[in-house]
file data15.cif (mmCIF, C-alpha atoms)
data_target
#
loop_
_atom_site.label_atom_id
_atom_site.label_comp_id
_atom_site.auth_asym_id
_atom_site.auth_seq_id
_atom_site.Cartn_x
_atom_site.Cartn_y
_atom_site.Cartn_z
CA MET A 1 0.00 0.00 0.00
CA ALA A 2 1.44 3.34 -1.07
CA ILE A 3 2.26 5.77 1.71
CA SER A 4 0.98 9.28 1.19
CA ASP A 5 3.31 12.24 1.39
CA SER A 6 1.35 13.66 4.30
CA THR A 7 1.72 10.41 6.28
CA ALA A 8 5.43 10.26 5.59
CA ARG A 9 5.81 13.89 6.57
CA ARG A 10 3.85 13.36 9.79
CA TYR A 11 6.13 10.55 10.92
CA GLU A 12 9.21 12.46 9.87
CA LEU A 13 8.17 15.36 12.06
CA SER A 14 7.06 13.32 15.06
CA ASP A 15 9.65 10.55 15.27
CA PRO A 16 13.37 11.35 15.64
CA ASP A 17 14.24 7.78 14.73
CA VAL A 18 12.41 8.18 11.43
CA ARG A 19 14.59 11.22 10.74
CA LEU A 20 17.67 9.16 11.51
CA MET A 21 16.51 6.46 9.14
CA LEU A 22 16.00 9.05 6.43
CA GLU A 23 19.60 10.09 6.97
CA VAL A 24 20.57 6.43 6.55
CA ARG A 25 18.62 6.45 3.31
CA ASP A 26 20.65 9.44 2.21
CA GLY A 27 23.91 7.66 2.97
CA SER A 28 24.77 8.43 6.58
CA ALA A 29 26.71 5.62 8.23
CA GLU A 30 26.69 7.51 11.53
CA ALA A 31 22.91 7.61 11.57
CA PHE A 32 22.76 3.86 11.00
CA GLU A 33 25.17 3.22 13.85
CA THR A 34 23.15 5.49 16.13
CA LEU A 35 19.97 3.59 15.37
CA MET A 36 21.68 0.27 15.86
CA LEU A 37 23.09 1.25 19.25
CA ARG A 38 19.75 2.70 20.28
CA TYR A 39 17.76 -0.43 19.45
CA GLN A 40 20.15 -3.34 19.82
CA GLN A 41 19.35 -4.13 23.44
CA ARG A 42 15.60 -3.77 23.00
CA LEU A 43 15.64 -5.91 19.90
CA ILE A 44 17.81 -8.61 21.46
CA MET A 45 15.60 -8.60 24.56
CA VAL A 46 12.49 -9.37 22.56
CA LEU A 47 14.24 -11.92 20.37
CA ARG A 48 15.93 -13.51 23.38
CA HIS A 49 12.62 -14.23 25.06
CA LEU A 50 11.00 -15.17 21.80
CA MET A 51 13.66 -17.64 20.79
CA GLY A 52 14.91 -18.61 24.23
CA ARG A 53 18.56 -18.37 23.27
CA GLN A 54 20.92 -15.43 23.54
CA ASP A 55 23.14 -16.48 20.63
CA MET A 56 20.19 -16.96 18.32
CA ALA A 57 18.73 -13.64 19.45
CA GLU A 58 21.94 -11.85 18.47
CA ASP A 59 22.12 -13.63 15.12
CA LEU A 60 18.57 -12.67 14.33
CA ALA A 61 19.10 -9.11 15.55
CA GLN A 62 22.01 -8.78 13.12
CA GLU A 63 19.78 -10.08 10.35
CA VAL A 64 17.20 -7.45 11.26
CA PHE A 65 19.75 -4.64 11.10
CA LEU A 66 21.09 -5.93 7.79
CA ARG A 67 17.59 -5.89 6.37
CA VAL A 68 17.13 -2.35 7.63
CA TYR A 69 20.32 -1.34 5.84
CA ARG A 70 19.53 -3.15 2.60
CA SER A 71 16.10 -1.57 2.37
CA ARG A 72 17.29 1.96 3.12
CA ALA A 73 16.99 3.18 -0.48
CA ARG A 74 13.28 2.31 -0.58
CA TYR A 75 12.48 3.59 2.92
CA VAL A 76 9.40 5.74 3.19
CA PRO A 77 8.11 6.41 6.73
CA GLY A 78 4.65 4.91 6.99
CA ALA A 79 4.86 4.19 10.72
CA LYS A 80 7.02 4.87 13.73
CA PHE A 81 10.52 3.59 13.21
CA SER A 82 10.16 1.13 16.10
CA THR A 83 7.01 -0.31 14.52
CA TRP A 84 8.81 -0.80 11.23
CA LEU A 85 11.86 -2.32 12.95
CA PHE A 86 9.84 -4.78 14.98
CA THR A 87 7.81 -5.72 11.91
CA ILE A 88 11.07 -6.79 10.32
CA ALA A 89 12.03 -8.55 13.57
CA ASN A 90 8.71 -10.39 13.63
CA ASN A 91 9.25 -11.61 10.07
CA VAL A 92 12.82 -12.68 10.79
CA ALA A 93 11.81 -14.49 13.97
CA SER A 94 8.83 -16.16 12.30
CA ASN A 95 11.07 -17.44 9.53
CA ALA A 96 13.55 -18.76 12.08
CA LEU A 97 10.86 -20.48 14.12
CA ARG A 98 9.31 -22.02 11.01
CA GLY A 99 12.65 -23.48 10.18
CA MET A 100 12.84 -25.35 13.39
CA SER A 101 11.46 -28.83 13.68
CA ARG A 102 9.62 -28.60 17.00
CA ARG A 103 7.29 -25.89 18.39
CA ARG A 104 9.11 -25.67 21.69
CA GLU A 105 12.35 -25.48 19.80
CA VAL A 106 14.26 -24.01 22.66
CA HIS A 107 15.35 -26.27 25.36
CA LEU A 108 17.56 -24.27 27.58
CA PRO A 109 21.00 -25.81 27.75
CA ALA A 110 21.67 -27.12 31.24
CA SER A 111 24.19 -24.37 31.87
CA GLU A 112 21.57 -21.67 31.31
CA SER A 113 18.64 -23.30 33.01
CA GLY A 114 19.21 -22.17 36.56
CA PRO A 115 18.83 -24.27 39.68
CA TRP A 116 16.03 -26.47 38.41
CA GLY A 117 17.30 -27.75 35.07
CA ALA A 118 15.32 -27.59 31.88
CA HIS A 119 11.88 -28.15 33.42
CA PRO A 120 11.63 -25.84 36.42
CA LEU A 121 7.89 -26.00 36.89
CA GLU A 122 7.93 -29.77 36.99
CA GLN A 123 10.87 -29.73 39.39
CA LEU A 124 9.06 -27.35 41.66
CA ALA A 125 6.09 -29.71 41.69
CA LEU A 126 8.28 -32.68 42.59
CA ASP A 127 9.94 -30.75 45.38
CA GLY A 128 6.55 -29.68 46.70
CA SER A 129 4.98 -33.13 46.50
CA GLY A 130 7.86 -34.54 48.51
CA GLY A 131 6.66 -32.50 51.43
CA MET A 132 9.58 -30.13 51.49
CA PRO A 133 9.00 -27.04 53.55
CA THR A 134 7.59 -24.18 51.57
CA ARG A 135 9.70 -21.11 51.20
CA GLN A 136 9.61 -17.85 49.43
CA LEU A 137 10.73 -17.98 45.89
CA ASP A 138 13.84 -15.97 45.42
CA LYS A 139 14.30 -13.74 42.44
CA ALA A 140 16.25 -16.31 40.43
CA GLU A 141 13.59 -18.91 40.98
CA MET A 142 10.82 -16.51 40.11
CA ARG A 143 12.70 -15.59 36.98
CA GLN A 144 12.78 -19.25 36.04
CA VAL A 145 9.05 -19.57 36.65
CA VAL A 146 8.32 -16.56 34.49
CA GLN A 147 10.66 -17.68 31.71
CA SER A 148 8.97 -21.05 31.63
CA ALA A 149 5.57 -19.38 31.57
CA ILE A 150 6.67 -17.28 28.58
CA GLU A 151 8.00 -20.35 26.81
CA GLY A 152 4.67 -22.04 27.39
CA LEU A 153 2.98 -19.52 25.14
CA ASN A 154 2.76 -20.08 21.42
CA GLU A 155 4.84 -17.91 19.09
CA ARG A 156 2.17 -15.30 18.40
CA GLN A 157 1.14 -14.96 22.02
CA ARG A 158 4.77 -14.64 23.04
CA MET A 159 5.49 -11.94 20.46
CA ALA A 160 2.39 -9.95 21.41
CA VAL A 161 3.24 -10.16 25.13
CA LEU A 162 6.85 -9.11 24.59
CA LEU A 163 5.90 -6.17 22.38
CA SER A 164 3.20 -5.05 24.78
CA LYS A 165 5.25 -5.45 27.92
CA PHE A 166 8.74 -4.39 26.88
CA GLU A 167 8.06 -2.03 24.02
CA SER A 168 4.84 -0.60 25.47
CA LEU A 169 3.28 -0.73 22.06
CA SER A 170 -0.40 -0.10 21.55
CA TYR A 171 -2.75 -2.76 20.21
CA ALA A 172 -2.80 -0.88 16.90
CA GLU A 173 0.99 -0.87 16.67
CA ILE A 174 1.26 -4.54 17.60
CA ALA A 175 -1.44 -5.30 15.05
CA GLU A 176 0.57 -3.56 12.37
CA ILE A 177 3.72 -5.47 13.27
CA MET A 178 1.99 -8.84 13.40
CA GLU A 179 -0.32 -8.19 10.46
CA MET A 180 -3.45 -8.68 12.49
CA THR A 181 -6.35 -6.46 13.48
CA PRO A 182 -6.34 -4.59 16.80
CA GLN A 183 -9.34 -6.63 17.87
CA ALA A 184 -7.45 -9.84 17.15
CA ILE A 185 -4.49 -8.53 19.17
CA LYS A 186 -6.85 -7.78 22.04
CA SER A 187 -8.06 -11.38 22.02
CA LEU A 188 -4.55 -12.73 21.55
CA LEU A 189 -3.21 -10.76 24.51
CA SER A 190 -6.16 -11.75 26.63
CA ARG A 191 -5.48 -15.44 25.98
CA ALA A 192 -1.75 -14.98 26.46
CA ARG A 193 -2.10 -13.15 29.73
CA GLY A 194 -4.66 -15.69 30.87
CA ASN A 195 -2.11 -18.44 30.20
CA LEU A 196 0.58 -16.48 32.03
CA ARG A 197 -1.73 -15.99 34.95
CA VAL A 198 -2.53 -19.68 35.15
CA ALA A 199 1.18 -20.56 35.02
CA ILE A 200 2.39 -17.96 37.51
CA ALA A 201 -0.54 -17.46 39.91
CA PRO A 202 0.09 -20.64 41.97
CA TYR A 203 3.47 -19.22 42.89
CA LEU A 204 1.95 -15.95 43.87
CA GLU A 205 -0.84 -17.16 46.09
CA ASP A 206 1.15 -16.53 49.18
CA GLY A 207 4.56 -15.76 47.77
CA SER A 208 5.71 -19.34 48.04
CA ARG A 209 5.77 -22.54 46.06
CA PRO A 210 2.61 -24.59 46.04
CA ALA A 211 2.75 -27.59 48.39
CA ASN A 212 1.22 -29.84 45.79
CA LYS A 213 1.13 -29.43 42.05
CA GLU A 214 -0.58 -32.03 39.84
CA MET B 1 -21.52 -13.31 41.47
CA ASN B 2 -19.20 -14.80 44.08
CA GLY B 3 -17.62 -17.74 42.24
CA PRO B 4 -14.63 -17.42 39.93
CA VAL B 5 -15.11 -15.78 36.55
CA PRO B 6 -15.86 -18.53 33.97
CA GLU B 7 -13.09 -19.32 31.52
CA ASP B 8 -15.13 -18.26 28.52
CA ASP B 9 -16.39 -15.03 30.03
CA PRO B 10 -15.63 -12.21 27.59
CA ILE B 11 -15.03 -9.97 30.58
CA ARG B 12 -11.46 -11.33 30.57
CA ASP B 13 -10.74 -9.57 27.28
CA GLU B 14 -12.09 -6.39 28.79
CA LEU B 15 -10.02 -6.77 31.94
CA VAL B 16 -6.80 -7.08 29.94
CA ALA B 17 -7.74 -4.16 27.69
CA TYR B 18 -8.57 -2.15 30.81
CA LEU B 19 -5.13 -2.83 32.27
CA ASP B 20 -3.54 -1.90 28.93
CA GLY B 21 -5.49 1.34 28.62
CA GLU B 22 -7.11 0.07 25.44
CA ILE B 23 -10.73 0.40 26.43
CA ASP B 24 -13.24 3.06 25.43
CA SER B 25 -14.98 5.19 28.00
CA GLU B 26 -18.32 3.39 27.81
CA ALA B 27 -16.72 -0.05 28.27
CA ARG B 28 -14.59 1.35 31.09
CA ARG B 29 -17.66 2.63 32.87
CA ARG B 30 -19.40 -0.73 32.60
CA LEU B 31 -16.33 -2.64 33.74
CA GLU B 32 -15.67 -0.39 36.70
CA GLY B 33 -19.29 -0.86 37.75
CA ARG B 34 -18.82 -4.61 37.70
CA LEU B 35 -15.54 -4.36 39.56
CA THR B 36 -17.31 -2.41 42.25
CA ARG B 37 -20.05 -5.01 42.62
CA ASP B 38 -18.21 -8.30 42.00
CA PRO B 39 -15.27 -9.50 44.14
CA ALA B 40 -14.55 -12.40 41.74
CA THR B 41 -13.97 -9.95 38.91
CA ARG B 42 -11.74 -7.88 41.17
CA ARG B 43 -9.70 -10.98 41.98
CA GLU B 44 -9.35 -11.75 38.26
CA LEU B 45 -8.10 -8.24 37.61
CA GLU B 46 -5.62 -8.45 40.46
CA GLN B 47 -4.28 -11.79 39.23
CA PHE B 48 -3.88 -10.48 35.69
CA GLN B 49 -2.04 -7.46 37.06
CA ARG B 50 0.29 -9.46 39.33
CA ALA B 51 1.19 -11.97 36.61
CA TRP B 52 1.97 -9.10 34.26
CA GLU B 53 4.17 -7.40 36.83
CA CYS B 54 6.09 -10.66 37.28
CA LEU B 55 7.48 -10.21 33.79
CA ASP B 56 9.62 -7.42 35.26
CA VAL B 57 11.86 -10.07 36.83
CA LEU B 58 12.98 -11.17 33.38
CA PRO B 59 16.58 -10.15 32.91
CA ALA B 60 17.42 -7.26 30.67
CA ALA B 61 19.09 -8.32 27.48
CA THR B 62 22.81 -8.55 27.44
CA VAL B 63 24.51 -7.55 24.27
CA SER B 64 27.85 -9.16 23.56
CA GLU B 65 30.79 -6.82 23.20
CA SER B 66 31.36 -7.83 19.62
CA PHE B 67 27.76 -7.41 18.50
CA ALA B 68 28.02 -3.82 17.35
CA SER B 69 31.38 -4.25 15.63
CA THR B 70 30.42 -7.45 13.81
CA THR B 71 27.12 -5.94 12.72
CA ILE B 72 28.90 -2.89 11.32
CA GLU B 73 31.36 -5.17 9.52
CA MET B 74 28.50 -7.09 7.92
CA VAL B 75 26.90 -3.84 6.84
CA ALA B 76 30.22 -2.67 5.40
CA VAL B 77 30.49 -5.87 3.34
CA THR B 78 26.97 -5.30 2.07
CA ALA B 79 27.81 -1.73 1.17
CA GLU B 80 30.94 -2.83 -0.65
CA ARG B 81 29.01 -5.33 -2.73
CA GLU B 82 26.50 -2.68 -3.64
CA GLN B 83 29.31 -0.27 -4.45
CA SER B 84 30.86 -2.62 -7.02
CA GLY B 85 27.81 -2.15 -9.20
CA TRP B 86 27.58 1.56 -8.38
CA PRO B 87 28.99 3.44 -11.48
CA LEU B 88 26.57 2.04 -14.08
CA THR B 89 23.64 2.39 -11.78
CA ARG B 90 24.60 5.94 -10.94
CA PHE B 91 25.03 6.88 -14.58
CA ALA B 92 21.71 5.33 -15.49
CA ARG B 93 20.01 7.10 -12.63
CA ARG B 94 21.52 10.49 -13.37
CA HIS B 95 20.76 10.30 -17.08
CA ARG B 96 17.52 8.51 -16.69
CA ARG B 97 15.60 10.25 -19.46
CA TRP B 98 18.33 9.98 -22.07
CA THR B 99 18.88 6.37 -21.13
CA ALA B 100 15.19 5.65 -21.57
CA LEU B 101 15.18 7.45 -24.92
CA ALA B 102 18.21 5.55 -26.18
CA VAL B 103 16.73 2.25 -25.08
CA GLY B 104 13.47 3.09 -26.80
CA LEU B 105 15.22 4.04 -30.02
CA VAL B 106 17.25 0.88 -30.15
CA ALA B 107 14.18 -1.17 -29.40
CA GLY B 108 12.30 0.57 -32.15
CA LEU B 109 15.04 0.01 -34.73
CA LEU B 110 15.32 -3.59 -33.75
CA GLY B 111 11.61 -4.08 -34.03
CA TYR B 112 11.54 -2.44 -37.47
CA ALA B 113 14.34 -4.69 -38.71
CA VAL B 114 12.55 -7.80 -37.48
CA VAL B 115 9.26 -6.79 -39.05
CA ALA B 116 10.89 -5.80 -42.31
CA ALA B 117 12.65 -9.14 -42.56
CA ARG B 118 9.52 -11.12 -41.90
CA TRP B 119 6.86 -9.20 -43.83
CA PRO B 120 7.09 -9.10 -47.69
CA ASP B 121 7.53 -5.75 -49.44
CA THR B 122 4.27 -5.54 -51.37
CA ASP B 123 5.44 -2.66 -53.55
CA ARG B 124 8.42 -4.60 -54.78
CA LEU B 125 6.21 -7.60 -55.38
CA LEU B 126 3.86 -5.49 -57.46
CA LEU B 127 6.74 -4.07 -59.49
CA ARG B 128 8.12 -7.51 -60.23
CA GLU B 129 4.80 -8.83 -61.43
CA ARG B 130 3.75 -5.66 -63.31
CA ARG B 131 3.44 -7.34 -66.67
CA LEU B 132 1.21 -10.03 -65.28
CA LEU B 133 -1.00 -7.57 -63.56
CA GLU B 134 -1.44 -5.37 -66.60
CA ARG B 135 -3.14 -8.28 -68.41
CA LEU B 136 -4.70 -9.94 -65.40
CA ASP B 137 -8.23 -9.35 -66.65
CA VAL B 138 -7.46 -11.22 -69.81
CA TYR B 139 -5.70 -14.05 -68.02
CA LEU B 140 -8.57 -14.57 -65.71
CA GLU B 141 -10.81 -15.23 -68.71
CA ILE B 142 -8.47 -17.93 -69.92
CA ASP B 143 -7.97 -20.91 -67.72
CA ASP B 144 -5.70 -22.93 -70.03
CA ILE B 145 -1.97 -22.16 -70.08
CA GLY B 146 -1.53 -24.04 -73.34
CA TYR B 147 -4.01 -21.70 -75.01
CA LEU B 148 -2.05 -18.75 -73.71
CA ARG B 149 1.11 -20.09 -75.28
CA ARG B 150 -0.58 -20.48 -78.63
CA LEU B 151 -1.78 -16.89 -78.45
CA ARG B 152 1.75 -15.83 -77.79
CA GLU B 153 3.10 -17.80 -80.74
CA GLU B 154 0.61 -16.00 -82.92
CA GLY B 155 2.12 -12.72 -81.79
CA LEU B 156 -0.71 -11.52 -79.63
CA PHE B 157 1.69 -10.22 -77.00
CA THR B 158 3.79 -8.11 -79.38
CA GLU B 159 5.92 -5.98 -77.02
CA GLU B 160 8.17 -8.82 -76.11
CA PRO B 161 10.04 -11.24 -78.33
CA TYR B 162 8.84 -14.80 -78.28
CA ASP B 163 11.06 -17.16 -76.37
CA ALA B 164 10.05 -20.81 -76.60
CA SER B 165 12.05 -21.66 -73.53
CA ARG B 166 9.70 -19.66 -71.31
#

call {"tool": "encode", "arguments": {"input": "data15.cif", "output": "structure tokens"}}
result
Amino acid sequence: MAISDSTARRYELSDPDVRLMLEVRDGSAEAFETLMLRYQQRLIMVLRHLMGRQDMAEDLAQEVFLRVYRSRARYVPGAKFSTWLFTIANNVASNALRGMSRRREVHLPASESGPWGAHPLEQLALDGSGGMPTRQLDKAEMRQVVQSAIEGLNERQRMAVLLSKFESLSYAEIAEIMEMTPQAIKSLLSRARGNLRVAIAPYLEDGSRPANKE
Amino acid sequence: MNGPVPEDDPIRDELVAYLDGEIDSEARRRLEGRLTRDPATRRELEQFQRAWECLDVLPAATVSESFASTTIEMVAVTAEREQSGWPLTRFARRHRRWTALAVGLVAGLLGYAVVAARWPDTDRLLLRERRLLERLDVYLEIDDIGYLRRLREEGLFTEEPYDASR
């Protein structure tokens, strides 16, 4: 869909990152480096939690930046720069996930899995069912619970949650990135957050592990 | 309503949208009325909120020291590859109109040559067969070539010498 001059002008005026990208279009290497440094951590954060692996997140983030660079000559601002960037990231991540053989393609290597191994929720349940005294979850354990809850979501739910939570994007912006309608994003996030709630709530009931988990 | 909110209750969508600030004023008013009246809905909202806040424990991304430098190197390689095809592209872009005109002219000449080679020149054909055409009316009346030859032998076609070999 062609972008009107008025739309392009509006984003150019309102978004400093769009102006930087226009400088990249006009040949500025410094502007590209500025954008890369500004977005690298945010991009890797989303990709890290989407893919479950730091190394893969960095590889994909580099692919995203390369695509940004390669498409600079055709760049016309039809959205906020971050929306455009994460649209590319969504496509790159989707392609990567499609190329993997299993849905839950990421099994954390033992060295990255924390104190409970690759299946922390199950380990917690075993510990609880053995009648071990309950205790407050420490931050590392809670982190493991939350990471497992995120990994329990499907790809689209995970992407929507990450964009909503860590990029503070609106439903309309997430819809644009994921090529869905805002109403569909609303439903998607509702299901995703419901799943997160189901996964995490037992550990929040009284700030401790559940005594028994089926 | 004192029991838990049913799984398929559409109020859950509204609760999430409410927390995300993605709800219109009318829906907000209705939802806040229900929240006031129904403790189960309040508990749902609180659980959604707490689970969402738990995501804050996720670690911030770490970026390896070499990420920026390797990314820049990859971009530089890409730029270099593009640059190797740069002069022709630049020339074509700068002289776009003349380039288009030249291409059109060449295409036109080529097309003319192809058509000329394939289609017969009717004028030349007419010139070659002029003698036949001048007497075509007569020939059409006669359907026997042997009869025509006899007429020729008798000198009917006087402007040309008789040649028995023809």

call {"tool": "resolve_selection", "arguments": {"input": "data15.cif", "expression": "the PyMOL selection byres ((chain B) within 9 of (chain A))", "output": "ChimeraX atom specification"}}
result
/B:12-17,20-22,47-52,54-64,67-68,70-72,74-75,78-79

call {"tool": "closest_residue", "arguments": {"input": "data15.cif", "among": "A:Glu151, A:Asp26, A:Glu167, A:Glu12", "to": "Ala79 (chain A)", "atoms": "all atoms listed in the file"}}
result
A:Glu12

call {"tool": "residues_around", "arguments": {"input": "data15.cif", "residues": "Glu32 (chain B)", "least_positions_apart": "5", "cutoff": "12 Å", "atoms": "all atoms listed in the file", "output": "ChimeraX atom specification"}}
result
/B:11,14-15,18-19,23,25-27,37-39,41-42,45

call {"tool": "resolve_selection", "arguments": {"input": "data15.cif", "expression": "the PyMOL selection byres ((chain A and resi 1) around 12)", "output": "ChimeraX atom specification"}}
result
/A:2-4,76,78

call {"tool": "atom_distance", "arguments": {"input": "data15.cif", "atom1": "CA of Arg98 (chain A)", "atom2": "CA of Glu155 (chain A)"}}
result
10.1 Å

call {"tool": "atom_distance", "arguments": {"input": "data15.cif", "atom1": "CA of Asp9 (chain B)", "atom2": "CA of Gly33 (chain B)"}}
result
16.4 Å

call {"tool": "decode", "arguments": {"input": "data15.cif", "residues": "region 129-138 of chain B", "atoms": "all heavy atoms", "output": "tab-separated table (two decimals), in the first residue's frame"}}
result
chain	number	residue	atom	x	y	z
B	129	GLU	N	5.85	-8.13	-60.68
B	129	GLU	CA	4.80	-8.83	-61.43
B	129	GLU	C	3.95	-7.84	-62.24
B	129	GLU	O	2.78	-8.13	-62.57
B	129	GLU	CB	3.91	-9.61	-60.47
B	129	GLU	CG	4.66	-10.64	-59.62
B	129	GLU	CD	5.29	-11.73	-60.47
B	129	GLU	OE1	4.78	-12.02	-61.56
B	129	GLU	OE2	6.32	-12.28	-60.04
B	130	ARG	N	4.52	-6.70	-62.62
B	130	ARG	CA	3.75	-5.66	-63.31
B	130	ARG	C	3.13	-6.17	-64.61
B	130	ARG	O	1.97	-5.90	-64.91
B	130	ARG	CB	4.64	-4.46	-63.56
B	130	ARG	CG	3.97	-3.32	-64.33
B	130	ARG	CD	4.90	-2.13	-64.47
B	130	ARG	NE	6.15	-2.49	-65.16
B	130	ARG	CZ	6.27	-2.54	-66.46
B	130	ARG	NH1	5.25	-2.27	-67.26
B	130	ARG	NH2	7.43	-2.86	-67.01
B	131	ARG	N	3.92	-6.87	-65.37
B	131	ARG	CA	3.44	-7.34	-66.67
B	131	ARG	C	2.24	-8.26	-66.51
B	131	ARG	O	1.29	-8.21	-67.27
B	131	ARG	CB	4.54	-8.06	-67.43
B	131	ARG	CG	5.64	-7.13	-67.89
B	131	ARG	CD	6.72	-7.91	-68.58
B	131	ARG	NE	7.89	-7.08	-68.83
B	131	ARG	CZ	9.07	-7.56	-69.19
B	131	ARG	NH1	9.25	-8.85	-69.30
B	131	ARG	NH2	10.08	-6.75	-69.42
B	132	LEU	N	2.32	-9.11	-65.53
B	132	LEU	CA	1.21	-10.03	-65.28
B	132	LEU	C	-0.05	-9.26	-64.90
B	132	LEU	O	-1.15	-9.54	-65.40
B	132	LEU	CB	1.59	-11.02	-64.18
B	132	LEU	CG	0.47	-11.91	-63.65
B	132	LEU	CD1	0.08	-12.93	-64.71
B	132	LEU	CD2	0.89	-12.62	-62.37
B	133	LEU	N	0.15	-8.32	-64.09
B	133	LEU	CA	-1.00	-7.57	-63.56
B	133	LEU	C	-1.67	-6.72	-64.63
B	133	LEU	O	-2.88	-6.53	-64.63
B	133	LEU	CB	-0.54	-6.67	-62.40
B	133	LEU	CG	-0.13	-7.44	-61.15
B	133	LEU	CD1	0.54	-6.49	-60.15
B	133	LEU	CD2	-1.32	-8.12	-60.50
B	134	GLU	N	-0.86	-6.22	-65.54
B	134	GLU	CA	-1.44	-5.37	-66.60
B	134	GLU	C	-2.44	-6.15	-67.43
B	134	GLU	O	-3.38	-5.60	-67.99
B	134	GLU	CB	-0.33	-4.82	-67.50
B	134	GLU	CG	0.42	-3.65	-66.83
B	134	GLU	CD	1.64	-3.24	-67.64
B	134	GLU	OE1	1.99	-3.95	-68.62
B	134	GLU	OE2	2.26	-2.22	-67.26
B	135	ARG	N	-2.24	-7.47	-67.59
B	135	ARG	CA	-3.14	-8.28	-68.41
B	135	ARG	C	-3.94	-9.26	-67.54
B	135	ARG	O	-4.45	-10.26	-68.02
B	135	ARG	CB	-2.35	-9.06	-69.44
B	135	ARG	CG	-1.63	-8.16	-70.43
B	135	ARG	CD	-1.05	-8.99	-71.55
B	135	ARG	NE	-0.38	-8.11	-72.52
B	135	ARG	CZ	0.85	-7.68	-72.41
B	135	ARG	NH1	1.60	-8.04	-71.41
B	135	ARG	NH2	1.36	-6.86	-73.32
B	136	LEU	N	-4.05	-9.00	-66.33
B	136	LEU	CA	-4.70	-9.94	-65.40
B	136	LEU	C	-6.14	-10.20	-65.80
B	136	LEU	O	-6.62	-11.33	-65.74
B	136	LEU	CB	-4.63	-9.40	-63.98
B	136	LEU	CG	-5.15	-10.35	-62.88
B	136	LEU	CD1	-4.32	-11.64	-62.88
B	136	LEU	CD2	-5.09	-9.69	-61.52
B	137	ASP	N	-6.83	-9.17	-66.27
B	137	ASP	CA	-8.23	-9.35	-66.65
B	137	ASP	C	-8.37	-10.38	-67.76
B	137	ASP	O	-9.30	-11.19	-67.77
B	137	ASP	CB	-8.83	-8.02	-67.12
B	137	ASP	CG	-9.00	-7.04	-65.96
B	137	ASP	OD1	-9.08	-7.52	-64.79
B	137	ASP	OD2	-9.05	-5.83	-66.20
B	138	VAL	N	-7.42	-10.29	-68.68
B	138	VAL	CA	-7.46	-11.22	-69.81
B	138	VAL	C	-7.16	-12.63	-69.31
B	138	VAL	O	-7.83	-13.60	-69.66
B	138	VAL	CB	-6.43	-10.81	-70.89
B	138	VAL	CG1	-6.36	-11.84	-71.99
B	138	VAL	CG2	-6.81	-9.44	-71.44
